[in-house]
2 protein chains.
Amino acid sequence: MKRRDFLKVTGIGAAGAATLAAPAIAQSMPEIKWRLTASWPKSLDTLWGGVEVMAKQVAEATDNKFQLQTFAGGEIVPGLQVLDAVQNGTVEMGHTASYYYFGKDPTFAFGTAVPFGPNQRLNQAWYMQGGGRELLNEFYKSYNVTSFLAGNTGCQMGGWFRKEINTVDDLKGLKMRIGGFAGRVMQKLGVVPQQLAGGDIYPALEKGTIDAAEWVGPYDDEKLGFNKVAPHYYYPGWWEGGPMLLGIVNLDKWNSLPKYYQTVLELAGQSANSWMMAKYDQLNPPSLKKLLAGGTKLHSFSPPIMQACLKATKEIYAETSATNPNFKKVLDSLNGFTSNGYQWFQVAELGYDSFMARNPQG
Amino acid sequence: MKRRDFLKVTGIGAAGAATLAAPAIAQSMPEIKWRLTASWPKSLDTLWGGVEVMAKQVAEATDNKFQLQTFAGGEIVPGLQVLDAVQNGTVEMGHTASYYYFGKDPTFAFGTAVPFGPNQRLNQAWYMQGGGRELLNEFYKSYNVTSFLAGNTGCQMGGWFRKEINTVDDLKGLKMRIGGFAGRVMQKLGVVPQQLAGGDIYPALEKGTIDAAEWVGPYDDEKLGFNKVAPHYYYPGWWEGGPMLLGIVNLDKWNSLPKYYQTVLELAGQSANSWMMAKYDQLNPPSLKKLLAGGTKLHSFSPPIMQACLKATKEIYAETSATNPNFKKVLDSLNGFTSNGYQWFQVAELGYDSFMARNPQG
C-alpha cells in the first residue's frame, strides 16, 4: 500500500483553521477508528487494564487520530471467540490468550504458555529475540491474523483445592477446573478436567461439583472468592510459567495501516505488556498477604507430583509433535531457548532472588 | 504550551500535493530533530543497542517527523557527563545510568540500582506502579531533567577475581574495580575500591594492579576479555539486582514537546527497555557456556560474605538516611515495595524457576 492511499482530507480542523487560516488542510495523520474486542470482563482490571492502557497510548501517541474502541468479552462476541471475530473481520483487532484456541490446533498454545515452558522473562525474550514472533505469525497467517506482544501475568498459581494433595494417587478422580493443554496433562494422571467460565467456578467449587480450580494468582483469584470455599492454595502453576497476552490484528486491516500506525500499535502493546506485569507485581503481594491472614494454606506441589506432571507433559509433546509439524517446529524453538535461558537464569537471577527472599529488607 | 504553538506550516509535501491538490498543507506532526548523548560506546550492542532501538521507534512512530540523532559516549561529552549535558541544554536528551551521578547526591543511585535492591521485575514495577518514577522525577527536577524507563540489564554478575575469595577476611586489602554505592559498601569490608573506565580494566587486571573487577554479565564481560586474566567468576552482583537505564530529557525541552511526542518518546523508551532485557536474556546464555567451556570457574559468593555485605549496606543506608532526607524518602519507598514484592515473588516465580533450573527441557 502506498502512503497516498491512506491520506484523507478530513476537512478544516478547528485548531488549524484558527491559527493558520489555510484554505485547505491535509491531515498527515489519517483519522482511524478501530474496534478491539477482548477476552476479559471489565472487572479484571489487570487483564482488561492492559487493554485500556494500550488504547490510551495509541490515542495519545497519535494526537487522538488513531483510536481503539474497546469492548469487553461478551459485548460483541464471547471472550473465547476473539480470534474468530478478528479472523473474519467482525472487528479489526483483539486482545486475547492464544491458548484459548488450542482446540483448533495445539500450536496456538505457544502464543500464551505451555506446561514447563519459559518464565515471563524468557517467554518475552523468545517472542522478541528468539524467533518466537516470526514463527507464531507465520502460523497465525493461515488464520488471517498477525500478533504483537501485549501483556503477561507472570507465573501463575497452581490453583485451589478443597483437600490437600500430597501424592500422585491423590490426583486420581479429582475433578478440577483446568483447560487446554494442562487439562490433557492432568488427564494422563487421572484428573477429570473441567472447562468452566470464570463466573461458574465459585458455585461449582462451593457445591463440591468440582474438587479444585485454577485461575490466575492471588489478586485475580481473591476477586472470585475461591479462598472461601477451598482452603489449600498450591504453587507453582507449571502450565503457566509466564503466559503472554497478545494483540491480534486482522491481516488485511494490518496491511492497510500506515507503517507508523503499525509502529504505534506495537509500541502501545509493549507498553501494555510492561504495565500489566508491573500491575501484577504490585497487586499480588498484598492480596497474598490478605489470603494468608484469612486462613488460606499455601503449599508447593510435592516433588513426585511435579515430576509426574513433567513426564506426562513430555509424553503429550512427543505425541503431538509426531502428527503436527507446526507444533513440533515451534516446540523445538521454544524448548531450545528455554533450556539455554535457564542455564544462565539460574546463576545470577536465581542466586540473587533466593538470597533476597530469605533476607527481607525494609 | 498550547497545541497551536507547535503547529508548523511546512509547505506542500510531495505525497499530499500529488493526491490532494490542496493549495496549502498544514503539518499536524511538526518536524523535530533532537540530539541524544549516551553513556555507552557503540561496541556495547546491548546498552547502545537500546539507544538505537529507541531512536528507530521514535522515527518510525512519527513517520520520521521526530528524529533522535544518537551519539555514543565521548562523541559530544564523556559517557559519565550525560546528565550535565542534558541539564545545561547542550543536548536535548540522554541515555544513561543514573547511579553514575552518585557523587552529586547518593539519591541518584535509585534511578539505576542499589545494593540488595529489587530484581528487574520488581525494579520496573516500583518505577512504573510503585511511585518510583514520580519520586525520582521530583528529585531530578532540581537538575532540570525528567526521566523515563529505557532499559535494564537484569541481575549482573559479581565480577572477576584473580584468586578465590571464600571468607570475609579474603576481601581485606583486595583492590577491586567497583564504583559508587557498592564501592562504599565494599570499603567497609576492607576492599580498596577503584574507579576505572571500561577500557582500562583489562590491562589493570592483567598486570595485577587490581585483583578483581566487576562489569556487567557474561556477554558484555566476555567482550572485554576478563576471563583471560582472572579465572574466578562470582555471582550474584548484589549491588545490581535489576539495574534500570533511563532516558533523561532536559525539562524545558520536554515541556516544549507536543503531548503526543512525549508519549511516543516514553513508548519508545519502554520498547527499548523490553528489547534490552530480551537481548541480554538471549545473549548471556551462550556467552556463559563459552566462558565455562574456556575454563572460567563459576562461584557463588559464600553466605558469610553475602551477610557481611548486607550488614555493611544497611549501615550505609542508615548513615546516608540520617543526613539526606531525599535519600531516605526514596529508600523507604523502594524497600517497602521490594520487601512486599519478594514475599509474593518467592512463591510461584521462585518455585517455578527452581524446578525449571533443576529439570532442563529440550
# chains A, B, ... in the order shown; residues from 1 in each chain; ligands from 1
>>> calpha_fit_and_write(fixed="chain B", moving="chain A", output="tab-separated table (two decimals) with C-alpha atoms, in the first residue's frame")
chain	number	residue	atom	x	y	z
A	1	MET	CA	2.06	25.21	25.99
A	2	LYS	CA	-0.82	25.32	23.57
A	3	ARG	CA	-1.09	23.05	20.61
A	4	ARG	CA	-0.91	25.87	18.08
A	5	ASP	CA	2.50	26.96	19.39
A	6	PHE	CA	4.20	23.94	17.93
A	7	LEU	CA	2.32	23.69	14.70
A	8	LYS	CA	4.75	24.45	11.95
A	9	VAL	CA	4.27	25.12	8.30
A	10	THR	CA	6.78	22.87	6.69
A	11	GLY	CA	6.04	23.71	3.12
A	12	ILE	CA	4.51	21.43	0.57
A	13	GLY	CA	5.59	17.85	1.20
A	14	ALA	CA	6.24	15.79	-1.87
A	15	ALA	CA	3.61	13.11	-1.21
A	16	GLY	CA	0.97	15.63	-0.25
A	17	ALA	CA	1.61	17.82	-3.26
A	18	ALA	CA	1.45	14.91	-5.62
A	19	THR	CA	-1.83	13.46	-4.43
A	20	LEU	CA	-3.80	16.33	-3.00
A	21	ALA	CA	-2.90	19.34	-5.08
A	22	ALA	CA	-3.65	21.45	-2.03
A	23	PRO	CA	-2.32	24.98	-2.19
A	24	ALA	CA	-0.79	24.78	1.28
A	25	ILE	CA	-0.33	21.91	3.65
A	26	ALA	CA	-0.25	22.11	7.41
A	27	GLN	CA	1.69	19.38	9.06
A	28	SER	CA	-0.22	18.17	12.06
A	29	MET	CA	2.95	16.36	13.16
A	30	PRO	CA	5.69	18.94	13.55
A	31	GLU	CA	9.18	18.04	12.38
A	32	ILE	CA	11.44	17.82	15.38
A	33	LYS	CA	15.06	16.69	15.51
A	34	TRP	CA	16.66	16.07	18.86
A	35	ARG	CA	20.16	15.09	19.83
A	36	LEU	CA	20.51	12.20	22.25
A	37	THR	CA	23.81	11.55	23.98
A	38	ALA	CA	24.38	8.15	25.58
A	39	SER	CA	26.78	6.84	28.20
A	40	TRP	CA	27.69	3.84	26.05
A	41	PRO	CA	30.19	3.07	23.32
A	42	LYS	CA	28.68	1.68	20.13
A	43	SER	CA	30.51	-1.59	20.72
A	44	LEU	CA	28.10	-2.48	23.56
A	45	ASP	CA	25.27	-3.58	21.31
A	46	THR	CA	23.07	-4.34	24.32
A	47	LEU	CA	23.10	-0.92	26.00
A	48	TRP	CA	23.75	1.06	22.82
A	49	GLY	CA	21.33	-1.26	21.03
A	50	GLY	CA	18.60	0.01	23.33
A	51	VAL	CA	19.37	3.57	22.30
A	52	GLU	CA	19.11	2.62	18.64
A	53	VAL	CA	15.83	0.77	19.18
A	54	MET	CA	14.39	3.79	20.94
A	55	ALA	CA	15.41	6.20	18.17
A	56	LYS	CA	14.10	3.85	15.50
A	57	GLN	CA	10.72	3.47	17.21
A	58	VAL	CA	10.33	7.23	17.72
A	59	ALA	CA	10.96	7.82	14.02
A	60	GLU	CA	8.75	4.96	12.86
A	61	ALA	CA	5.84	5.92	15.13
A	62	THR	CA	5.82	9.48	13.81
A	63	ASP	CA	6.34	8.81	10.11
A	64	ASN	CA	9.90	10.16	10.58
A	65	LYS	CA	8.67	13.53	11.79
A	66	PHE	CA	10.26	13.22	15.23
A	67	GLN	CA	13.85	12.09	15.02
A	68	LEU	CA	16.50	11.39	17.62
A	69	GLN	CA	20.05	11.78	16.40
A	70	THR	CA	22.04	9.43	18.61
A	71	PHE	CA	25.58	9.94	19.88
A	72	ALA	CA	27.72	7.45	21.74
A	73	GLY	CA	29.64	8.33	24.89
A	74	GLY	CA	32.52	10.66	24.02
A	75	GLU	CA	31.09	11.95	20.76
A	76	ILE	CA	29.53	15.07	22.28
A	77	VAL	CA	30.37	14.66	25.97
A	78	PRO	CA	32.05	11.84	27.90
A	79	GLY	CA	29.77	8.97	28.89
A	80	LEU	CA	29.66	9.99	32.53
A	81	GLN	CA	28.56	13.57	31.77
A	82	VAL	CA	25.25	12.81	30.11
A	83	LEU	CA	23.24	14.29	32.96
A	84	ASP	CA	25.17	17.58	32.83
A	85	ALA	CA	24.77	17.85	29.06
A	86	VAL	CA	21.01	17.34	29.31
A	87	GLN	CA	20.66	19.57	32.36
A	88	ASN	CA	22.35	22.54	30.69
A	89	GLY	CA	20.65	21.99	27.34
A	90	THR	CA	23.75	21.00	25.33
A	91	VAL	CA	21.55	18.18	24.08
A	92	GLU	CA	17.80	17.63	24.46
A	93	MET	CA	18.08	14.18	25.95
A	94	GLY	CA	20.29	11.34	27.12
A	95	HIS	CA	20.37	7.62	27.82
A	96	THR	CA	22.31	6.79	30.93
A	97	ALA	CA	22.59	5.05	34.30
A	98	SER	CA	21.43	7.44	36.99
A	99	TYR	CA	23.89	5.99	39.53
A	100	TYR	CA	26.79	7.47	37.59
A	101	TYR	CA	25.81	10.76	39.29
A	102	PHE	CA	25.98	9.26	42.76
A	103	GLY	CA	28.78	11.74	43.58
A	104	LYS	CA	26.37	14.67	43.20
A	105	ASP	CA	23.82	13.05	45.53
A	106	PRO	CA	23.50	9.37	46.53
A	107	THR	CA	19.77	9.60	45.72
A	108	PHE	CA	20.76	9.23	42.05
A	109	ALA	CA	21.52	5.57	42.74
A	110	PHE	CA	17.82	4.68	42.98
A	111	GLY	CA	17.34	5.53	39.31
A	112	THR	CA	19.50	2.50	38.48
A	113	ALA	CA	20.13	0.06	41.32
A	114	VAL	CA	21.15	0.00	44.97
A	115	PRO	CA	22.80	-2.87	46.89
A	116	PHE	CA	20.28	-5.55	47.87
A	117	GLY	CA	17.57	-3.71	45.97
A	118	PRO	CA	14.86	-5.25	43.81
A	119	ASN	CA	15.35	-7.62	40.90
A	120	GLN	CA	14.42	-6.53	37.37
A	121	ARG	CA	10.70	-7.30	37.70
A	122	LEU	CA	10.30	-5.54	41.03
A	123	ASN	CA	12.48	-2.58	40.07
A	124	GLN	CA	10.31	-2.03	36.99
A	125	ALA	CA	7.12	-2.50	39.02
A	126	TRP	CA	8.33	-0.01	41.64
A	127	TYR	CA	9.20	2.52	38.93
A	128	MET	CA	5.95	2.05	37.01
A	129	GLN	CA	3.39	1.34	39.74
A	130	GLY	CA	5.03	1.81	43.10
A	131	GLY	CA	5.61	5.56	42.97
A	132	GLY	CA	9.24	5.23	41.90
A	133	ARG	CA	8.98	7.34	38.80
A	134	GLU	CA	7.15	10.16	40.60
A	135	LEU	CA	9.68	10.21	43.46
A	136	LEU	CA	12.65	10.14	41.10
A	137	ASN	CA	11.27	12.80	38.77
A	138	GLU	CA	10.55	15.04	41.74
A	139	PHE	CA	14.22	14.63	42.66
A	140	TYR	CA	15.49	15.03	39.07
A	141	LYS	CA	13.47	18.24	38.74
A	142	SER	CA	16.12	20.17	40.65
A	143	TYR	CA	18.58	19.03	37.96
A	144	ASN	CA	16.23	20.30	35.25
A	145	VAL	CA	15.53	16.84	33.81
A	146	THR	CA	12.74	14.31	33.77
A	147	SER	CA	13.07	10.57	33.21
A	148	PHE	CA	11.37	7.57	31.70
A	149	LEU	CA	12.18	3.86	31.68
A	150	ALA	CA	14.47	2.83	28.82
A	151	GLY	CA	16.38	-0.34	29.65
A	152	ASN	CA	17.43	-3.00	32.12
A	153	THR	CA	20.36	-5.44	32.18
A	154	GLY	CA	18.82	-7.96	34.58
A	155	CYS	CA	20.80	-9.16	37.57
A	156	GLN	CA	24.49	-8.63	36.98
A	157	MET	CA	27.44	-10.80	37.93
A	158	GLY	CA	29.64	-10.15	40.94
A	159	GLY	CA	32.76	-9.86	38.83
A	160	TRP	CA	36.09	-11.41	37.97
A	161	PHE	CA	38.69	-12.29	40.59
A	162	ARG	CA	42.29	-13.37	40.08
A	163	LYS	CA	42.14	-15.50	43.24
A	164	GLU	CA	39.29	-17.29	44.97
A	165	ILE	CA	37.67	-15.39	47.80
A	166	ASN	CA	36.02	-17.55	50.42
A	167	THR	CA	35.94	-15.58	53.63
A	168	VAL	CA	35.31	-11.97	54.59
A	169	ASP	CA	39.04	-11.77	55.41
A	170	ASP	CA	39.87	-12.52	51.78
A	171	LEU	CA	38.33	-9.16	50.89
A	172	LYS	CA	40.79	-7.15	53.01
A	173	GLY	CA	43.18	-5.13	50.89
A	174	LEU	CA	41.66	-6.45	47.66
A	175	LYS	CA	41.93	-3.85	44.90
A	176	MET	CA	38.68	-4.09	42.96
A	177	ARG	CA	37.28	-2.08	40.10
A	178	ILE	CA	33.86	-1.25	41.53
A	179	GLY	CA	32.26	2.17	41.78
A	180	GLY	CA	29.60	4.25	43.46
A	181	PHE	CA	27.49	2.83	46.22
A	182	ALA	CA	28.83	-0.73	46.01
A	183	GLY	CA	32.38	0.63	46.23
A	184	ARG	CA	31.53	2.29	49.54
A	185	VAL	CA	30.01	-0.92	50.89
A	186	MET	CA	33.06	-2.92	49.81
A	187	GLN	CA	35.31	-0.32	51.43
A	188	LYS	CA	33.69	-1.05	54.80
A	189	LEU	CA	34.88	-4.63	54.38
A	190	GLY	CA	38.45	-3.63	53.59
A	191	VAL	CA	38.28	-3.63	49.79
A	192	VAL	CA	40.14	-0.81	48.04
A	193	PRO	CA	37.60	0.29	45.40
A	194	GLN	CA	38.94	1.61	42.10
A	195	GLN	CA	37.15	3.74	39.54
A	196	LEU	CA	38.17	2.67	36.05
A	197	ALA	CA	36.53	3.23	32.68
A	198	GLY	CA	35.56	0.11	30.74
A	199	GLY	CA	38.56	0.15	28.41
A	200	ASP	CA	41.08	0.46	31.26
A	201	ILE	CA	39.94	-2.57	33.22
A	202	TYR	CA	41.54	-5.33	31.17
A	203	PRO	CA	45.14	-4.04	31.26
A	204	ALA	CA	44.88	-3.27	35.00
A	205	LEU	CA	43.58	-6.77	35.72
A	206	GLU	CA	46.21	-8.31	33.47
A	207	LYS	CA	49.12	-6.50	35.14
A	208	GLY	CA	47.75	-7.14	38.60
A	209	THR	CA	47.31	-3.43	39.33
A	210	ILE	CA	43.85	-4.57	40.44
A	211	ASP	CA	42.85	-7.97	41.81
A	212	ALA	CA	39.22	-7.99	40.71
A	213	ALA	CA	36.73	-6.15	38.52
A	214	GLU	CA	33.00	-6.11	38.03
A	215	TRP	CA	31.38	-5.09	34.79
A	216	VAL	CA	27.96	-6.45	33.69
A	217	GLY	CA	27.40	-10.13	32.84
A	218	PRO	CA	28.61	-12.92	30.53
A	219	TYR	CA	27.92	-11.27	27.18
A	220	ASP	CA	29.33	-7.81	27.90
A	221	ASP	CA	32.16	-9.17	30.06
A	222	GLU	CA	33.33	-11.64	27.44
A	223	LYS	CA	33.68	-8.78	24.96
A	224	LEU	CA	36.20	-7.14	27.26
A	225	GLY	CA	38.11	-10.41	27.67
A	226	PHE	CA	38.31	-10.53	31.49
A	227	ASN	CA	38.18	-14.33	31.43
A	228	LYS	CA	41.66	-14.36	29.91
A	229	VAL	CA	43.24	-12.71	32.94
A	230	ALA	CA	41.01	-13.65	35.90
A	231	PRO	CA	39.69	-17.21	36.18
A	232	HIS	CA	37.14	-16.83	39.00
A	233	TYR	CA	33.70	-15.51	38.10
A	234	TYR	CA	31.44	-14.73	41.06
A	235	TYR	CA	27.68	-14.22	41.41
A	236	PRO	CA	25.34	-12.59	42.16
A	237	GLY	CA	26.10	-8.89	41.69
A	238	TRP	CA	24.19	-7.99	44.87
A	239	TRP	CA	24.63	-4.28	44.10
A	240	GLU	CA	22.79	-4.61	40.80
A	241	GLY	CA	19.83	-6.94	41.14
A	242	GLY	CA	17.95	-5.39	38.21
A	243	PRO	CA	19.53	-2.08	37.16
A	244	MET	CA	17.37	0.27	35.13
A	245	LEU	CA	18.60	2.53	32.37
A	246	LEU	CA	16.67	5.75	31.93
A	247	GLY	CA	15.92	8.16	29.16
A	248	ILE	CA	16.43	11.63	30.60
A	249	VAL	CA	15.11	14.77	28.96
A	250	ASN	CA	15.82	18.44	29.58
A	251	LEU	CA	12.71	19.67	31.38
A	252	ASP	CA	12.17	22.73	29.17
A	253	LYS	CA	12.54	20.60	26.05
A	254	TRP	CA	10.14	18.02	27.48
A	255	ASN	CA	7.54	20.67	28.22
A	256	SER	CA	7.89	22.09	24.71
A	257	LEU	CA	6.96	18.75	23.10
A	258	PRO	CA	3.44	18.07	21.86
A	259	LYS	CA	1.76	15.74	24.33
A	260	TYR	CA	1.61	12.96	21.74
A	261	TYR	CA	5.35	13.16	21.09
A	262	GLN	CA	5.89	12.84	24.84
A	263	THR	CA	3.79	9.68	24.70
A	264	VAL	CA	5.71	8.34	21.70
A	265	LEU	CA	9.00	8.97	23.50
A	266	GLU	CA	7.84	7.13	26.61
A	267	LEU	CA	6.48	4.24	24.56
A	268	ALA	CA	9.74	3.97	22.65
A	269	GLY	CA	11.59	3.97	25.98
A	270	GLN	CA	9.42	1.12	27.27
A	271	SER	CA	10.04	-0.73	24.06
A	272	ALA	CA	13.81	-0.31	24.48
A	273	ASN	CA	13.40	-1.49	28.06
A	274	SER	CA	11.76	-4.77	27.00
A	275	TRP	CA	14.04	-5.15	24.01
A	276	MET	CA	17.21	-4.78	26.09
A	277	MET	CA	16.08	-7.26	28.73
A	278	ALA	CA	15.13	-9.76	26.01
A	279	LYS	CA	18.47	-9.15	24.28
A	280	TYR	CA	20.43	-9.91	27.45
A	281	ASP	CA	18.30	-12.99	28.07
A	282	GLN	CA	19.09	-14.14	24.55
A	283	LEU	CA	22.82	-13.31	24.55
A	284	ASN	CA	23.96	-14.15	28.08
A	285	PRO	CA	23.24	-17.92	27.96
A	286	PRO	CA	25.53	-18.79	25.03
A	287	SER	CA	28.25	-16.46	26.37
A	288	LEU	CA	28.16	-18.14	29.77
A	289	LYS	CA	28.47	-21.54	28.10
A	290	LYS	CA	31.44	-20.34	26.09
A	291	LEU	CA	33.13	-18.90	29.17
A	292	LEU	CA	32.66	-22.13	31.11
A	293	ALA	CA	33.92	-24.19	28.18
A	294	GLY	CA	36.99	-21.94	28.11
A	295	GLY	CA	37.90	-22.67	31.72
A	296	THR	CA	36.16	-19.92	33.69
A	297	LYS	CA	35.34	-21.07	37.22
A	298	LEU	CA	31.89	-20.08	38.40
A	299	HIS	CA	31.36	-19.43	42.14
A	300	SER	CA	28.62	-17.98	44.27
A	301	PHE	CA	29.74	-15.54	46.96
A	302	SER	CA	29.88	-17.48	50.23
A	303	PRO	CA	27.03	-16.94	52.71
A	304	PRO	CA	29.34	-15.15	55.22
A	305	ILE	CA	30.47	-12.72	52.50
A	306	MET	CA	26.86	-12.08	51.42
A	307	GLN	CA	25.78	-11.44	55.02
A	308	ALA	CA	28.75	-9.14	55.70
A	309	CYS	CA	27.96	-7.15	52.55
A	310	LEU	CA	24.30	-6.89	53.56
A	311	LYS	CA	25.27	-5.67	57.03
A	312	ALA	CA	27.66	-3.06	55.63
A	313	THR	CA	24.97	-1.95	53.16
A	314	LYS	CA	22.46	-1.44	55.96
A	315	GLU	CA	24.99	0.68	57.88
A	316	ILE	CA	25.53	2.92	54.87
A	317	TYR	CA	21.78	3.20	54.30
A	318	ALA	CA	21.35	4.34	57.91
A	319	GLU	CA	24.26	6.79	57.75
A	320	THR	CA	23.10	8.31	54.46
A	321	SER	CA	19.45	8.48	55.51
A	322	ALA	CA	20.42	10.38	58.65
A	323	THR	CA	21.76	13.32	56.65
A	324	ASN	CA	19.87	13.13	53.36
A	325	PRO	CA	16.04	13.28	53.61
A	326	ASN	CA	15.59	12.78	49.86
A	327	PHE	CA	17.61	9.60	50.03
A	328	LYS	CA	15.62	8.36	53.01
A	329	LYS	CA	12.28	9.05	51.32
A	330	VAL	CA	13.17	7.11	48.18
A	331	LEU	CA	14.87	4.30	50.14
A	332	ASP	CA	11.79	3.78	52.31
A	333	SER	CA	9.56	3.61	49.25
A	334	LEU	CA	11.85	1.18	47.42
A	335	ASN	CA	12.55	-1.08	50.42
A	336	GLY	CA	8.87	-1.35	51.25
A	337	PHE	CA	8.04	-2.32	47.70
A	338	THR	CA	10.93	-4.78	47.41
A	339	SER	CA	10.23	-6.49	50.71
A	340	ASN	CA	6.54	-6.99	49.95
A	341	GLY	CA	7.37	-7.96	46.39
A	342	TYR	CA	9.70	-10.78	47.40
A	343	GLN	CA	7.11	-12.24	49.77
A	344	TRP	CA	5.06	-13.02	46.68
A	345	PHE	CA	7.92	-13.50	44.22
A	346	GLN	CA	9.47	-16.29	46.30
A	347	VAL	CA	6.27	-18.36	46.07
A	348	ALA	CA	5.23	-19.07	42.48
A	349	GLU	CA	8.12	-17.45	40.57
A	350	LEU	CA	10.97	-18.78	42.65
A	351	GLY	CA	9.27	-22.15	43.13
A	352	TYR	CA	8.87	-22.49	39.39
A	353	ASP	CA	12.32	-21.23	38.44
A	354	SER	CA	14.02	-23.52	40.94
A	355	PHE	CA	12.25	-26.55	39.50
A	356	MET	CA	12.96	-25.51	35.92
A	357	ALA	CA	16.64	-24.91	36.62
A	358	ARG	CA	16.97	-28.41	38.08
A	359	ASN	CA	14.97	-30.06	35.27
A	360	PRO	CA	16.18	-28.70	31.95
A	361	GLN	CA	13.86	-29.20	28.97
A	362	GLY	CA	14.49	-29.55	25.29
>>> select_by_dssp(residues="segment 254-315 of chain A", states="strand (DSSP E or B)", output="PyMOL selection string")
chain A and resi 297-300
>>> write_last_selection(atoms="N, CA and C atoms", output="CSV table (one decimal), in the first residue's frame")
chain,number,residue,atom,x,y,z
A,297,LYS,N,-4.2,-21.9,53.2
A,297,LYS,CA,-3.0,-22.7,53.4
A,297,LYS,C,-2.2,-22.8,52.1
A,298,LEU,N,-0.9,-22.3,52.2
A,298,LEU,CA,-0.1,-22.3,51.0
A,298,LEU,C,0.8,-23.6,50.9
A,299,HIS,N,0.7,-24.2,49.8
A,299,HIS,CA,1.6,-25.4,49.6
A,299,HIS,C,2.3,-25.4,48.3
A,300,SER,N,3.5,-26.0,48.2
A,300,SER,CA,4.0,-26.3,46.9
A,300,SER,C,3.6,-27.7,46.5
>>> select_by_dssp(residues="segment 226-306 of chain A", states="alpha helix (DSSP H)", output="PyMOL selection string")
chain A and resi 251-256+259-293+303-306
>>> decode(residues="segment 272-324 of chain A", atoms="C-alpha atoms", output="short mmCIF file (atom, residue, chain, number, x, y, z; two decimals), in the first residue's frame")
data_model
loop_
_atom_site.label_atom_id
_atom_site.label_comp_id
_atom_site.auth_asym_id
_atom_site.auth_seq_id
_atom_site.Cartn_x
_atom_site.Cartn_y
_atom_site.Cartn_z
CA ALA A 272 0.62 -2.71 27.99
CA ASN A 273 2.91 -5.72 28.36
CA SER A 274 5.19 -3.94 30.84
CA TRP A 275 2.30 -2.20 32.54
CA MET A 276 0.41 -5.45 33.15
CA MET A 277 3.44 -7.26 34.55
CA ALA A 278 4.17 -4.30 36.84
CA LYS A 279 0.50 -4.19 37.88
CA TYR A 280 0.50 -7.87 38.87
CA ASP A 281 3.79 -7.39 40.72
CA GLN A 282 2.21 -4.52 42.60
CA LEU A 283 -1.17 -6.15 43.33
CA ASN A 284 -0.31 -9.79 44.02
CA PRO A 285 1.82 -9.23 47.16
CA PRO A 286 -0.86 -7.53 49.30
CA SER A 287 -3.51 -9.99 48.06
CA LEU A 288 -1.36 -12.96 49.04
CA LYS A 289 -0.85 -11.45 52.49
CA LYS A 290 -4.58 -10.96 52.88
CA LEU A 291 -5.33 -14.52 51.78
CA LEU A 292 -2.80 -15.95 54.23
CA ALA A 293 -4.12 -13.77 57.04
CA GLY A 294 -7.60 -15.10 56.23
CA GLY A 295 -6.57 -18.73 56.71
CA THR A 296 -5.53 -19.86 53.23
CA LYS A 297 -2.95 -22.65 53.42
CA LEU A 298 -0.10 -22.28 50.98
CA HIS A 299 1.57 -25.45 49.61
CA SER A 300 4.04 -26.26 46.89
CA PHE A 301 3.18 -29.25 44.73
CA SER A 302 5.20 -32.20 46.05
CA PRO A 303 8.29 -33.24 44.05
CA PRO A 304 6.66 -36.56 42.97
CA ILE A 305 3.62 -34.68 41.63
CA MET A 306 5.85 -32.18 39.78
CA GLN A 307 7.90 -35.00 38.23
CA ALA A 308 4.80 -36.97 37.23
CA CYS A 309 3.33 -33.86 35.58
CA LEU A 310 6.60 -33.21 33.75
CA LYS A 311 6.69 -36.81 32.50
CA ALA A 312 3.08 -36.66 31.29
CA THR A 313 3.81 -33.32 29.60
CA LYS A 314 6.76 -34.80 27.71
CA GLU A 315 4.58 -37.69 26.51
CA ILE A 316 1.98 -35.29 25.15
CA TYR A 317 4.68 -33.18 23.50
CA ALA A 318 6.00 -36.30 21.75
CA GLU A 319 2.54 -37.49 20.71
CA THR A 320 1.51 -34.08 19.37
CA SER A 321 4.84 -33.47 17.61
CA ALA A 322 4.50 -36.80 15.80
CA THR A 323 1.37 -35.68 13.97
CA ASN A 324 1.66 -31.88 13.88
#
